[in-house]
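*Asks:* Next up is a structure, given as structure tokens.
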Amino acid sequence: MNSGAQPTVVLSGDDIHRALTRIAHEILERNKGAADVLLLGIPTRGVPLAARLGTRILAAEGRPDSDLDQLVGTIDVTMYRDDLRRNPTRALEPTRIPASGLQEKVVVLVDDVLYSGRTVRAALDAVSEIGRPRAVQLAVLVDRGHRELPIRADFIGKNLPTSREERVSVQLTELDGTDAVVLS
Amino acid sequence: MRHLLSAADLSRAEAIEILDTAATMAATQSREIKKLPALRGRAVVNLFFEDSTRTRISFEAAAKRLSADVINFSAKGSSVSKGESLKDTAQTLQAMGADAVVIRHDASGAPQRLATSGWIDAPVINAGDGKHQHPTQALLDAYTIRRHLVADRTGAGLDGLRVAVVGDVLHSRVARSNVDLLHTLGAEVTLVAPPTLVPVGVETWPCQVCYDLDATLDEHTPDAVMMLRVQRERMSAAGGGFFPSAAEYSRRYGLDAARLSRLAEHTIVMHPGPMNRGLEISAQAADSPRSTVVEQVANGVAVRMAVLYLLLAGTDEGTHP
């Protein structure tokens, strides 16, 4: 951790709100609607982010909120990680795939921070064992750089140049009681 | 948790973590591709000094579903039949690079010996030792009970549920493990057995003891009835003096159609297998819709996947707290 550095709020609640609204519309624009789109949140903070994107997409498409379960799911990538043996055992989170399955869908993976790219690599493995989507896209709230794998995001809330010593912490109302992205 | 030797060693939080992880594992087993990559490249040794089919293949299936390599070692026809000691066997496995050892032994305490003697570094999982413990069986039973009788399952124990464990308690490591674990999870356990099949010292166990099955079913109204196998191989031919005849045992302690019909609507009937149909459990009970016998086998794979995952996934030296 960067000793002596003050924590800075880099995205406020309103900023997060606007960024997610923009990403929702970008997803619709890129895929010409949401008919084949599935949003899969990566635990922990990708899950509420995927739900928020889903709500915005449904509103923009004029579909009822009850369709959220068909549009949004979660995918746990823990068992596909390449650093399983280097860290203490992680608890598993549930995986929930909408009833339509992944076959021939456009899967949009949703996570809070894109850093090394290793989580996304694990998610790609997890997706391929469940089905064969037509395409996989990636939406992240923050891209902080320092990629270790050839992976890039399709939809980005904010590009945040950081040093490796800094810490990016995403706080979401659903889990943390407040909406903010803090750099410390 | 470094080893899994006894159900009594598990705290409530650890036990619930295993059950929750097992639920996640079970959910992956309905996919087209059941295999998960979590233990790729790790070697799990099944070290079986006592005959077992279902426990061994259950552990084998669990390890393979997590992409581990499985080495089966059974005492029959091996170096053990030539007189090799447990120590030498353990050191051989260590030298071959075993990442986990699943051991079943007819001597109570053999897994503890293996885990604490320093012969081997790998985590040790007890798959049944003598008349002592069979922790993964207790975990799969608790998982089965929770699945059927607890509404909001994730993170929950078995608080307030009543479980009757009926039959050959004396020879049963399943009964011992279940009493420990079910008590830890908050269930009330009643052991039901003829006095000859109740072990000395049972009054120190965290459970009640009753000698009358009918009285237990009426007064205790259990939510789950767990029938134990009468372990004829540990008795002599005619029941070894533990009971006068198989017919009498069956009449007083068997779960027959009449007793089955007196159970509450939600009560489940469990049996660790293999069943002696007509002795401790009737065909009507074994095949009734409330029987979970077959489901217990499926749950066993999920629970063992959870145990292997939790013991093995994060064990590289140095980084583990």
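By convention in this document, the chains of the structure tokens carry letters A, B, ... by their order, each chain's residues are numbered from 1, and ligands are numbered from 1 in the order they are shown.
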Could you pull out the residues in region 103-240 of chain B that DSSP calls strand (DSSP E) from the backbone, as a PyMOL selection string?
*Replies:* chain B and resi 103-105+124-129+162-166+188-192+208-210+224-227
*Asks:* Env of region 97-99 of chain A: 7 Å cut, atoms = only C-alpha atoms, seq-sep filter 6 positions within chain, self excluded. Answer as a ChimeraX atom specification.
*Replies:* /A:69-74
*Asks:* Just list as a count of residues only whatever in region 1-177 of chain A DSSP marks as alpha helix (DSSP H).
*Replies:* 55
*Asks:* Got a sec: who's within 9 Å of His132 (chain B), counting only C-alpha atoms, leaving out chain neighbours fewer than 4 positions off, as a list in words?
*Replies:*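 The neighbour list is Ser6, Ala107, Ser108, Gly109, Gly128, His171, Ser172, Arg173, Val174, Arg176 and Ser177 of chain B.
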*Asks:* Could you work out which residues of chain A fall inside 8 Å of chain B? Count only C-alpha atoms, and format the result as a VMD selection string.
*Replies:* chain A and resid 79 to 81 84 to 95 129 to 130
*Asks:* Determine, counting only C-alpha atoms, which protein, DNA and RNA residues have an atom within 8 Å of an atom of Arg12 (chain B); residues of the same chain fewer than 5 positions away are not included. Present the result as a PDB file with C-alpha atoms, in the first residue's frame.
*Replies:*
```
ATOM      1  CA  GLY B 157     -27.312 -25.482  10.709  1.00  0.00           C
ATOM      2  CA  THR B 184     -22.452 -29.485  16.630  1.00  0.00           C
ATOM      3  CA  LEU B 185     -25.010 -28.357  14.058  1.00  0.00           C
TER       4      LEU B 185
END
```
*Asks:* Any idea what the distance is between CA of Val182 (chain A) and CA of Leu39 (chain A)?
*Replies:*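 Taking CA of Val182 (chain A) as the start and CA of Leu39 (chain A) as the end point, the length is 25.1 Å.
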*Asks:* Taking only C-alpha atoms into account, name the residue in A:Val106, A:Ile27, A:Ile16, A:Ile75 that is nearest to Gly54 (chain A).
*Replies:* A:Ile27
*Asks:* Got a sec: who's within 7 Å of Asn72 (chain B), counting only C-alpha atoms, leaving out chain neighbours fewer than 4 positions off, as number ranges by chain?
*Replies:* B: 45-47
*Asks:* Find the residues around Val77 (chain A) up to 10 Å (only C-alpha atoms counted), leave out those fewer than 6 positions away in its own chain, and share them as a ChimeraX atom specification.
*Replies:* /A:42-43,92-95,119-127
*Asks:* Based on the selection just made, write N, CA and C atoms of those residues as a compact mmCIF listing (two decimals), in the first residue's frame.
*Replies:*
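Saved the output as part.txt:
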```txt
# COMPACT_ATOMS: atom_id res chain seq x y z
N ILE A 42 -19.43 -11.37 -12.18
CA ILE A 42 -18.41 -12.17 -11.51
C ILE A 42 -18.39 -11.78 -10.04
N PRO A 43 -18.63 -12.75 -9.10
CA PRO A 43 -18.64 -12.40 -7.68
C PRO A 43 -17.30 -11.79 -7.26
N LEU A 92 -16.58 -20.72 -2.22
CA LEU A 92 -17.21 -20.74 -3.53
C LEU A 92 -18.50 -19.93 -3.48
N GLU A 93 -18.80 -19.28 -4.58
CA GLU A 93 -20.06 -18.55 -4.70
C GLU A 93 -20.95 -19.32 -5.68
N PRO A 94 -22.25 -19.13 -5.58
CA PRO A 94 -23.12 -19.86 -6.53
C PRO A 94 -22.95 -19.34 -7.96
N THR A 95 -23.17 -20.23 -8.92
CA THR A 95 -23.24 -19.85 -10.31
C THR A 95 -24.70 -19.98 -10.74
N THR A 119 -8.62 -12.87 -13.63
CA THR A 119 -10.00 -13.24 -13.29
C THR A 119 -10.81 -13.46 -14.56
N VAL A 120 -10.60 -12.58 -15.54
CA VAL A 120 -11.35 -12.70 -16.78
C VAL A 120 -10.94 -13.97 -17.53
N ARG A 121 -9.66 -14.29 -17.50
CA ARG A 121 -9.22 -15.53 -18.14
C ARG A 121 -9.93 -16.72 -17.50
N ALA A 122 -10.00 -16.72 -16.15
CA ALA A 122 -10.70 -17.80 -15.45
C ALA A 122 -12.17 -17.83 -15.84
N ALA A 123 -12.77 -16.64 -15.98
CA ALA A 123 -14.18 -16.57 -16.35
C ALA A 123 -14.41 -17.13 -17.75
N LEU A 124 -13.46 -16.88 -18.66
CA LEU A 124 -13.60 -17.42 -20.02
C LEU A 124 -13.60 -18.95 -19.99
N ASP A 125 -12.73 -19.52 -19.14
CA ASP A 125 -12.71 -20.98 -18.99
C ASP A 125 -14.03 -21.48 -18.43
N ALA A 126 -14.52 -20.78 -17.39
CA ALA A 126 -15.76 -21.21 -16.76
C ALA A 126 -16.92 -21.15 -17.76
N VAL A 127 -16.95 -20.09 -18.57
CA VAL A 127 -18.01 -19.96 -19.57
C VAL A 127 -17.95 -21.11 -20.57
```
*Asks:* List as a tab-separated table every residue of region 127-157 of chain B that is in contact with region 269-287 of chain B, defined as an atom at most 12 Å from one of its atoms (using only C-alpha atoms), together with the nearest atom pair and the distance in Å rounded to one decimal, sorted by chain and then rising number.
*Replies:*
```
residue	atom	partner	partner_atom	distance
B:His134	CA	B:Pro272	CA	10.9
B:Thr136	CA	B:Pro272	CA	11.2
B:Gln137	CA	B:Pro272	CA	7.5
B:Ala138	CA	B:Pro272	CA	9.4
B:Leu139	CA	B:Pro272	CA	11.6
B:Leu140	CA	B:Pro272	CA	9.5
B:Asp141	CA	B:Met270	CA	8.0
B:Ala142	CA	B:Met270	CA	10.8
B:Tyr143	CA	B:Met270	CA	11.9
B:Thr144	CA	B:Met270	CA	8.9
B:Ile145	CA	B:Met270	CA	9.0
B:His148	CA	B:Val269	CA	10.9
```
*Asks:* Write the selection just made, keeping all heavy atoms, as a short mmCIF file (atom, residue, chain, number, x, y, z; two decimals), in the first residue's frame?
*Replies:*
```
data_model
loop_
_atom_site.label_atom_id
_atom_site.label_comp_id
_atom_site.auth_asym_id
_atom_site.auth_seq_id
_atom_site.Cartn_x
_atom_site.Cartn_y
_atom_site.Cartn_z
N HIS B 134 -16.21 -41.74 10.88
CA HIS B 134 -16.37 -41.74 9.43
C HIS B 134 -16.93 -40.36 9.08
O HIS B 134 -18.10 -40.21 8.75
CB HIS B 134 -17.33 -42.86 9.02
CG HIS B 134 -17.37 -43.13 7.54
ND1 HIS B 134 -16.67 -42.37 6.63
CD2 HIS B 134 -18.01 -44.09 6.83
CE1 HIS B 134 -16.90 -42.86 5.42
NE2 HIS B 134 -17.71 -43.89 5.52
N THR B 136 -16.82 -38.06 6.69
CA THR B 136 -17.49 -37.63 5.46
C THR B 136 -18.90 -38.23 5.36
O THR B 136 -19.78 -37.64 4.75
CB THR B 136 -16.69 -37.98 4.18
OG1 THR B 136 -16.41 -39.38 4.16
CG2 THR B 136 -15.38 -37.21 4.14
N GLN B 137 -19.10 -39.41 5.97
CA GLN B 137 -20.45 -39.97 6.00
C GLN B 137 -21.37 -39.07 6.82
O GLN B 137 -22.50 -38.77 6.42
CB GLN B 137 -20.43 -41.39 6.58
CG GLN B 137 -21.82 -42.03 6.72
CD GLN B 137 -22.43 -42.43 5.38
OE1 GLN B 137 -21.72 -42.93 4.50
NE2 GLN B 137 -23.71 -42.20 5.21
N ALA B 138 -20.89 -38.61 7.98
CA ALA B 138 -21.71 -37.72 8.82
C ALA B 138 -22.01 -36.42 8.06
O ALA B 138 -23.12 -35.91 8.12
CB ALA B 138 -20.99 -37.42 10.13
N LEU B 139 -21.01 -35.91 7.33
CA LEU B 139 -21.22 -34.67 6.58
C LEU B 139 -22.26 -34.86 5.49
O LEU B 139 -23.12 -34.01 5.27
CB LEU B 139 -19.89 -34.19 5.98
CG LEU B 139 -18.93 -33.55 6.98
CD1 LEU B 139 -17.52 -33.50 6.41
CD2 LEU B 139 -19.39 -32.14 7.34
N LEU B 140 -22.22 -36.01 4.81
CA LEU B 140 -23.20 -36.20 3.74
C LEU B 140 -24.59 -36.44 4.33
O LEU B 140 -25.60 -36.04 3.74
CB LEU B 140 -22.77 -37.33 2.78
CG LEU B 140 -22.96 -38.79 3.16
CD1 LEU B 140 -24.33 -39.30 2.75
CD2 LEU B 140 -21.90 -39.62 2.46
N ASP B 141 -24.65 -37.06 5.50
CA ASP B 141 -25.95 -37.23 6.16
C ASP B 141 -26.51 -35.87 6.58
O ASP B 141 -27.69 -35.57 6.37
CB ASP B 141 -25.82 -38.15 7.38
CG ASP B 141 -25.59 -39.60 6.96
OD1 ASP B 141 -25.98 -39.96 5.84
OD2 ASP B 141 -25.03 -40.37 7.76
N ALA B 142 -25.65 -35.03 7.17
CA ALA B 142 -26.09 -33.70 7.57
C ALA B 142 -26.53 -32.89 6.36
O ALA B 142 -27.53 -32.17 6.39
CB ALA B 142 -24.96 -32.97 8.31
N TYR B 143 -25.79 -33.04 5.27
CA TYR B 143 -26.14 -32.33 4.03
C TYR B 143 -27.52 -32.79 3.53
O TYR B 143 -28.35 -31.97 3.13
CB TYR B 143 -25.07 -32.63 2.97
CG TYR B 143 -25.32 -31.96 1.64
CD1 TYR B 143 -24.93 -30.65 1.43
CD2 TYR B 143 -25.94 -32.65 0.61
CE1 TYR B 143 -25.15 -30.04 0.21
CE2 TYR B 143 -26.17 -32.04 -0.61
CZ TYR B 143 -25.78 -30.74 -0.81
OH TYR B 143 -26.01 -30.13 -2.01
N THR B 144 -27.76 -34.11 3.58
CA THR B 144 -29.04 -34.65 3.12
C THR B 144 -30.18 -34.15 4.00
O THR B 144 -31.24 -33.74 3.50
CB THR B 144 -28.98 -36.19 3.14
OG1 THR B 144 -27.85 -36.62 2.39
CG2 THR B 144 -30.25 -36.80 2.56
N ILE B 145 -29.97 -34.17 5.33
CA ILE B 145 -31.00 -33.70 6.25
C ILE B 145 -31.29 -32.22 5.98
O ILE B 145 -32.44 -31.79 5.90
CB ILE B 145 -30.55 -33.90 7.72
CG1 ILE B 145 -30.44 -35.39 8.03
CG2 ILE B 145 -31.53 -33.23 8.69
CD1 ILE B 145 -29.79 -35.69 9.38
N HIS B 148 -33.39 -31.55 2.88
CA HIS B 148 -34.80 -31.92 2.94
C HIS B 148 -35.59 -31.13 3.98
O HIS B 148 -36.78 -30.92 3.81
CB HIS B 148 -34.94 -33.41 3.26
CG HIS B 148 -34.72 -34.28 2.06
ND1 HIS B 148 -35.75 -34.70 1.25
CD2 HIS B 148 -33.59 -34.76 1.51
CE1 HIS B 148 -35.26 -35.42 0.25
NE2 HIS B 148 -33.95 -35.47 0.39
#
```
*Asks:* Which value, in Å to one decimal, gives the distance between CA of Val169 (chain B) and CA of Tyr211 (chain B)?
*Replies:* 11.5 Å
*Asks:* Using only C-alpha atoms, determine which residues lie at most 12 Å from Arg22 (chain A), disregarding the query and same-chain residues fewer than 2 positions distant; provide the list as a list in words.
*Replies:*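 Contacts, in chain order: Asp15, Ile16, His17, Arg18, Ala19, Leu20, Ala24, His25, Glu26, Ile27, Leu28, Glu29, Arg52, Leu53, Arg56, Ile57, Ala60, Ala139, Leu141, Phe155, Ile156, Gly157 and Lys158 of chain A.
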*Asks:* My list of candidates is A:Asp67, A:Glu174, A:Glu166, A:Leu114. Which is closest to Gly145 (chain A) when distances are computed with only C-alpha atoms?
*Replies:*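 The closest residue to Gly145 (chain A) is A:Leu114.
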*Asks:* Go ahead and compute the interatomic distance for CA of Val108 (chain A) and CA of Val10 (chain A), in Å to one decimal.
*Replies:*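 Going from CA of Val108 (chain A) over to CA of Val10 (chain A) covers 24.8 Å.
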*Asks:* Hey, which of A:Val140, A:Glu165, A:Arg134, A:Leu11 ends up closest to Ile23 (chain A)? Count only C-alpha atoms.
*Replies:*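 For Ile23 (chain A), the nearest of the candidates is A:Val140.
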